[in-house]
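Below: one structure, written as structure tokens.
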Amino acid sequence: MNQSQPLLKTGLTPSASGSAYLEIKREHPSDTTSGGLSPRPSGLKLTCAVHGPRPLPRSAPFSPQLLLSTKVKFTPFANGHQRGFMPDSDERDLAAHLETALKGTLLAERWPKSGVDVVITVLEGEEGSPSSSSNGSCDHLTLLSSCITVASAAIADAGIDCVDVATGGVAAIVLGASGRSQLILDPCPSDHQSVGRACVVAYLQARDEVTEVWAKQEGEPPGADGSEHSDFLSLVDGAVEAAKAARLVLMDTLKESVEAKLRRD
Amino acid sequence: MPTQQTTLLSPTELAYLHSSLSLNPPLRPDARSPTTFRPLIAETDLLPSTNGSARVCFADGTEGIVGVKADIQKTVLASTQRNGTFKAGENDDVSMGGVGGPQSGLKDEEDIAGPHGEHNWVDVTIDMPGQRDDDSTVVILAQMIHEGLVADGTLPLKLYINRRWHWKLYIDVSDEDPLFNDDWDAALPLYPPYPATSKGKNKEAPATNIPQSSAASSKAPITLLIASVGENIFFDPSREELAVADAVLAVTITSTPPPPSSGIPDQAPTTIKILAIRTIDPPARLSTSSSAALGGEPGFGAEEGKDVGDGWWKPVRGGMKRKVLGKMLEMCVKPGGVGDEVLRGLESFV
């Protein structure tokens with residue numbers, strides 16, 4: 001894999017009750033060809049802040065459980081395409097997916113009449129390869145998987161009870177150099193000219209369950225070897241493997257942050 | 001704060017529904033089989049000022065009206081976008097619609113040879129009474145329809161006119177009830193039936209300059225809503241069934257034409273392709289009446305997702321098993337399965 005070890009740290013935002021920061025560096029051997037004044041982003045940088053659990057506003061109706069609200073925001077300089085202040089449909093769609101992924105993990109009935117806000121800021125986003133005509137569905141899938149992992153770290157840092165930590169993983173079927181389609185884990189959007197099909201999952205390893213599946217297809221379906229649903233299932237299985245790898249990083253980080261907290265006390 | 005979904009069912013009703021749906025074979029409240037769809041009324045071509053329109057009506061009052069309009073629009077060249085001279089007045093729809101937005105590349109205009117298409121040429125708007133337009137349900141629905149339409153890459157291709165102009169397709173869905181509305185009517189006029197004769201009602205002018213090969217490539221996408229309760233899988237769940245579902249999945253499928261070698265086209269089996277999958281947040285997690293009344297320490301009560309006796313039921317936590325997911329997909333795509341049946345049913349409609 002071309003991916004170096006992601007950097008994940010918790011507790012970097014002091015004002016939030018829990019926070020995490022994720023950075024994935026990508027190597028671009030062919031970066032010199034792109035030229036232009038603005039170099040392409042070198043990877044992915046995300047920060048996540050968790051506010052809460054805190055009481056719901058007085059105007060809100062009674063809720064017997066914790067209400068989760070998620071927000072994903074790109075900074076204006078996150079990638080080549082500048083976004084406005086109001087969240088656009090991509091950002092809201094990512095937030096909705098993130099909410100689905102996280103809601104299944106929370107033990108929400110332990111906090112009646114309260115809410116928790118998960119806010120993710122994309123400091124630097126990845127873009128698909130500039131020569132592909134598609135509008136980068138794969139970017140959003142890889143971004144969502146990182147969002148899920150970083151949000152789980154922040155929720156754990158905030159001390160909110162969960163059944164398990166969810167981690168995100170992506171698998172994609174790309175057209176290889178030899179013209180054959182192949183399954184790869186954790187694809188890097190800028191490396192592949194054409195991503196046929198991609199899938200992201202939020203995986204709970206302790207329960208062997210997925211809380212979120214989002215699969216997309218781009219262009220003509222790649223030549224299928226087996227039946228359609230078994231192709232998709234192998235894609236899901238690949239994404240689950242990627243999520244298991246992300247879990248190792250997440251667990252290390254959480255262990256570190258607990259040790260740091262114990263030392264401080 | 002997210003809006004709270006209130007189910008108007010009592011805890012006992014929820015428990016009853018859940019236990020009857022987990023039986024083997026399951027018993028649905030309206031006595032359908034797991035793969036039967038609700039009867040619906042559908043009509044097309046009812047809005048005079050649109051290029052194509054449709055209306056779908058269910059017996060429980062769910063109703064959706066779709067209008068499709070095509071408009072000629074100047075193509076913003078990829079090179080001007082990259083250089084930052086993007087003028088909002090020239091093409092102000094780009095920033096509003098579509099997945100991804102304009103970011104497609106460094107190519108000079110000479111390099112774009114022949115027809116191409118961009119995702120933001122298709123614009124899907126959904127309007128639901130009583131819901132804000134940034135509500136997550138509305139966003140998910142709009143993106144899901146858009147995703148299915150652009151997934152096989154042929155629809156944006158059909159909107160290409162020439163190097164400087166393209167058709168912009170506006171799809172406006174008006175939902176009378178925040179439940180599911182399949183998007184098939186919206187897409188049909190642009191998709192001729194695949195023995196590619198002039199029989200197809202090509203209401204859209206762009207259909208005339210499509211190369212024949214791409215026009216016949218696939219049928220309009222359909223989104224199927226599938227729910228699971230335990231090991232049981234239900235297609236087209238009603239609102240009551242959704243209230244107790246463990247997992248909900250929306251699968252967008254299409255069918256590709258049979259290979260020409262396989263004889264008579266009507267008899268040959270079509271292949272069902274999955275275009276997109278997304279999980280939908282099951283409403284059961286937010287139902288107010290399900291979890292609160294359990295005695296003892298919250299969270300350590302009964303095993304979740306099970307009926308705990310005394311008429312209480314606790315919504316499932318965590319996600320869905322991969323086995324269930326596989327079973328759902330198999331039921332959609334297998335020959336003679338649900339996807340096949342629905343697409344064949346639609347053929348008689350056009």
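Ligands are numbered from 1 in the order shown, chains are lettered A, B, ... in the order of the structure tokens, and residues start at 1 in each chain.
Residues lying within 7 Å of Val251 in chain B, counting only C-alpha atoms and ignoring same-chain neighbours fewer than 6 positions away, are Thr223, Leu224, Leu225, Ala276, Ile277 and Arg278 of chain B.
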Restricting it to all heavy atoms, dump the selection as a short mmCIF file (atom, residue, chain, number, x, y, z; two decimals), in the first residue's frame.
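Here's the written file out-v4.cif:
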data_model
loop_
_atom_site.label_atom_id
_atom_site.label_comp_id
_atom_site.auth_asym_id
_atom_site.auth_seq_id
_atom_site.Cartn_x
_atom_site.Cartn_y
_atom_site.Cartn_z
N THR B 223 -34.58 2.69 -6.95
CA THR B 223 -34.10 2.53 -5.59
C THR B 223 -35.08 1.67 -4.81
O THR B 223 -36.26 1.96 -4.77
CB THR B 223 -33.94 3.89 -4.92
OG1 THR B 223 -33.09 4.68 -5.72
CG2 THR B 223 -33.33 3.74 -3.56
N LEU B 224 -34.57 0.60 -4.25
CA LEU B 224 -35.40 -0.29 -3.44
C LEU B 224 -35.09 -0.04 -1.98
O LEU B 224 -33.93 0.08 -1.60
CB LEU B 224 -35.11 -1.75 -3.76
CG LEU B 224 -35.31 -2.22 -5.19
CD1 LEU B 224 -34.81 -3.64 -5.33
CD2 LEU B 224 -36.76 -2.15 -5.55
N LEU B 225 -36.12 0.01 -1.18
CA LEU B 225 -35.91 0.17 0.26
C LEU B 225 -36.12 -1.20 0.91
O LEU B 225 -37.11 -1.87 0.68
CB LEU B 225 -36.91 1.17 0.81
CG LEU B 225 -36.67 1.59 2.25
CD1 LEU B 225 -35.37 2.34 2.37
CD2 LEU B 225 -37.79 2.44 2.76
N ALA B 276 -25.69 1.58 -6.40
CA ALA B 276 -25.32 2.24 -5.16
C ALA B 276 -26.04 1.59 -3.99
O ALA B 276 -27.11 1.02 -4.15
CB ALA B 276 -25.68 3.72 -5.21
N ILE B 277 -25.39 1.63 -2.85
CA ILE B 277 -26.00 1.14 -1.62
C ILE B 277 -25.79 2.21 -0.57
O ILE B 277 -24.72 2.80 -0.50
CB ILE B 277 -25.32 -0.15 -1.11
CG1 ILE B 277 -25.30 -1.22 -2.18
CG2 ILE B 277 -25.98 -0.67 0.14
CD1 ILE B 277 -24.53 -2.44 -1.74
N ARG B 278 -26.79 2.46 0.22
CA ARG B 278 -26.52 3.25 1.41
C ARG B 278 -27.41 2.83 2.56
O ARG B 278 -28.55 2.43 2.36
CB ARG B 278 -26.58 4.75 1.18
CG ARG B 278 -27.77 5.28 0.45
CD ARG B 278 -27.77 6.79 0.50
NE ARG B 278 -26.78 7.38 -0.38
CZ ARG B 278 -26.38 8.64 -0.26
NH1 ARG B 278 -26.84 9.41 0.68
NH2 ARG B 278 -25.51 9.13 -1.11
#
Measuring atom to atom with only C-alpha atoms, identify which of A:Ser69, A:Thr149, A:Thr75, A:Thr13 is nearest to Leu248 in chain A. A:Thr149
Can you tell me, as a list of chain:residue names, which residues in range 19-98 of chain A count as strand (DSSP E or B) by DSSP? A:Ser19, A:Ala20, A:Tyr21, A:Leu22, A:Glu23, A:Ile24, A:Lys25, A:Arg26, A:Gly43, A:Leu44, A:Lys45, A:Leu46, A:Thr47, A:Cys48, A:Ala49, A:Val50, A:His51, A:Gly52, A:Pro53, A:Arg54, A:Pro55, A:Leu67, A:Leu68, A:Ser69, A:Thr70, A:Lys71, A:Val72, A:Lys73, A:Phe74
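Excluding Ala154 in chain A itself and same-chain residues fewer than 6 positions from it, the residues having an atom within 9 Å of it are Thr10, Gly11, Ser17, Gly18, Ser19, Ala20, Tyr21, Cys48, Ala49, Val50 and Val118 of chain A, counting only C-alpha atoms.
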What does the file look like for those residues with N, CA, C and O atoms, as a short mmCIF file (atom, residue, chain, number, x, y, z; two decimals), in the first residue's frame?
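Below you can see part-v2.cif, which holds the result:
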data_model
loop_
_atom_site.label_atom_id
_atom_site.label_comp_id
_atom_site.auth_asym_id
_atom_site.auth_seq_id
_atom_site.Cartn_x
_atom_site.Cartn_y
_atom_site.Cartn_z
N THR A 10 -5.48 12.48 20.24
CA THR A 10 -6.71 12.95 20.88
C THR A 10 -6.39 14.10 21.83
O THR A 10 -5.24 14.30 22.22
N GLY A 11 -7.44 14.85 22.15
CA GLY A 11 -7.33 15.88 23.18
C GLY A 11 -6.56 17.11 22.76
O GLY A 11 -5.92 17.74 23.57
N SER A 17 -15.14 18.84 24.89
CA SER A 17 -15.07 17.78 25.90
C SER A 17 -14.31 16.57 25.37
O SER A 17 -13.82 15.76 26.14
N GLY A 18 -14.20 16.45 24.09
CA GLY A 18 -13.37 15.41 23.50
C GLY A 18 -12.96 15.84 22.11
O GLY A 18 -13.74 16.51 21.42
N SER A 19 -11.77 15.50 21.70
CA SER A 19 -11.36 15.93 20.37
C SER A 19 -10.31 14.98 19.82
O SER A 19 -9.69 14.23 20.56
N ALA A 20 -10.14 15.01 18.53
CA ALA A 20 -9.14 14.16 17.89
C ALA A 20 -8.68 14.82 16.61
O ALA A 20 -9.37 15.66 16.04
N TYR A 21 -7.49 14.42 16.18
CA TYR A 21 -6.89 14.98 14.97
C TYR A 21 -6.31 13.82 14.17
O TYR A 21 -5.64 12.95 14.73
N CYS A 48 -11.61 16.83 14.77
CA CYS A 48 -12.96 16.56 15.23
C CYS A 48 -13.11 17.04 16.66
O CYS A 48 -12.24 16.78 17.50
N ALA A 49 -14.17 17.75 16.94
CA ALA A 49 -14.45 18.19 18.30
C ALA A 49 -15.81 17.65 18.71
O ALA A 49 -16.75 17.68 17.93
N VAL A 50 -15.87 17.12 19.92
CA VAL A 50 -17.13 16.62 20.47
C VAL A 50 -17.54 17.52 21.61
O VAL A 50 -16.78 17.70 22.56
N VAL A 118 -21.04 16.55 17.25
CA VAL A 118 -19.76 16.10 16.69
C VAL A 118 -19.47 16.99 15.50
O VAL A 118 -20.23 17.02 14.55
#
Mind giving me the straight-line distance from CA of Gly319 in chain B to CA of Val165 in chain A in Å, one decimal? 11.8 Å
Skipping near chain neighbours, those fewer than 6 positions away, what residues fall within 8 Å of Pro6 in chain A using only C-alpha atoms, listed as number ranges by chain? A: 22-25, 249
Ala227 in chain B environment, 9 Å, only C-alpha atoms, sequence neighbours closer than 6 positions dropped, as a JSON list (two decimals) with N, CA, C and O atoms, in the first residue's frame:
[["chain", "number", "residue", "atom", "x", "y", "z"],
["B", 233, "ILE", "N", -36.11, -10.40, 6.09],
["B", 233, "ILE", "CA", -35.87, -9.26, 5.22],
["B", 233, "ILE", "C", -37.18, -8.86, 4.55],
["B", 233, "ILE", "O", -37.93, -9.72, 4.09],
["B", 234, "PHE", "N", -37.43, -7.56, 4.53],
["B", 234, "PHE", "CA", -38.69, -7.07, 3.99],
["B", 234, "PHE", "C", -38.43, -6.01, 2.94],
["B", 234, "PHE", "O", -37.65, -5.10, 3.17],
["B", 235, "PHE", "N", -39.10, -6.15, 1.81],
["B", 235, "PHE", "CA", -39.02, -5.13, 0.79],
["B", 235, "PHE", "C", -40.18, -4.16, 0.95],
["B", 235, "PHE", "O", -41.25, -4.55, 1.40],
["B", 236, "ASP", "N", -39.92, -2.92, 0.56],
["B", 236, "ASP", "CA", -40.93, -1.87, 0.62],
["B", 236, "ASP", "C", -41.63, -1.84, 1.97],
["B", 236, "ASP", "O", -42.83, -2.04, 2.07],
["B", 237, "PRO", "N", -40.89, -1.61, 3.05],
["B", 237, "PRO", "CA", -41.52, -1.61, 4.37],
["B", 237, "PRO", "C", -42.46, -0.41, 4.54],
["B", 237, "PRO", "O", -42.19, 0.67, 4.00],
["B", 241, "GLU", "N", -43.57, -0.84, 9.90],
["B", 241, "GLU", "CA", -42.47, -1.81, 9.88],
["B", 241, "GLU", "C", -41.13, -1.12, 10.06],
["B", 241, "GLU", "O", -40.23, -1.64, 10.72],
["B", 242, "LEU", "N", -41.01, 0.08, 9.48],
["B", 242, "LEU", "CA", -39.77, 0.83, 9.65],
["B", 242, "LEU", "C", -39.54, 1.19, 11.11],
["B", 242, "LEU", "O", -38.41, 1.29, 11.56],
["B", 245, "ALA", "N", -37.68, -1.68, 12.59],
["B", 245, "ALA", "CA", -36.64, -2.36, 11.80],
["B", 245, "ALA", "C", -35.29, -2.27, 12.49],
["B", 245, "ALA", "O", -34.96, -1.26, 13.11],
["B", 246, "ASP", "N", -34.51, -3.35, 12.37],
["B", 246, "ASP", "CA", -33.15, -3.34, 12.93],
["B", 246, "ASP", "C", -32.19, -2.59, 12.03],
["B", 246, "ASP", "O", -31.27, -1.95, 12.49],
["B", 247, "ALA", "N", -32.37, -2.76, 10.73],
["B", 247, "ALA", "CA", -31.47, -2.11, 9.80],
["B", 247, "ALA", "C", -32.26, -1.79, 8.54],
["B", 247, "ALA", "O", -33.15, -2.54, 8.15],
["B", 248, "VAL", "N", -31.96, -0.66, 7.93],
["B", 248, "VAL", "CA", -32.65, -0.24, 6.72],
["B", 248, "VAL", "C", -31.59, 0.08, 5.66],
["B", 248, "VAL", "O", -30.59, 0.72, 5.95],
["B", 249, "LEU", "N", -31.83, -0.40, 4.47],
["B", 249, "LEU", "CA", -30.85, -0.25, 3.40],
["B", 249, "LEU", "C", -31.57, 0.24, 2.15],
["B", 249, "LEU", "O", -32.67, -0.21, 1.85],
["B", 250, "ALA", "N", -30.96, 1.17, 1.44],
["B", 250, "ALA", "CA", -31.50, 1.60, 0.15],
["B", 250, "ALA", "C", -30.54, 1.14, -0.93],
["B", 250, "ALA", "O", -29.36, 1.49, -0.89],
["B", 282, "PRO", "N", -32.03, 3.59, 11.00],
["B", 282, "PRO", "CA", -33.35, 3.05, 11.33],
["B", 282, "PRO", "C", -34.06, 3.93, 12.35],
["B", 282, "PRO", "O", -33.47, 4.31, 13.35],
["B", 328, "MET", "N", -29.73, -9.63, 1.63],
["B", 328, "MET", "CA", -30.53, -8.55, 1.02],
["B", 328, "MET", "C", -30.11, -8.35, -0.42],
["B", 328, "MET", "O", -30.96, -8.25, -1.32]]
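Considering only C-alpha atoms, the residue among A:Ala153, A:Val122, A:Leu106, A:Ala166 positioned nearest to Ala206 in chain A is A:Ala166.
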Using Å and a single decimal, report how far CA of Val139 in chain B sits from CA of Glu240 in chain B. 22.9 Å
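Taking CA of Val138 in chain B as the reference point, CA of Val244 in chain B is found at 21.6 Å.
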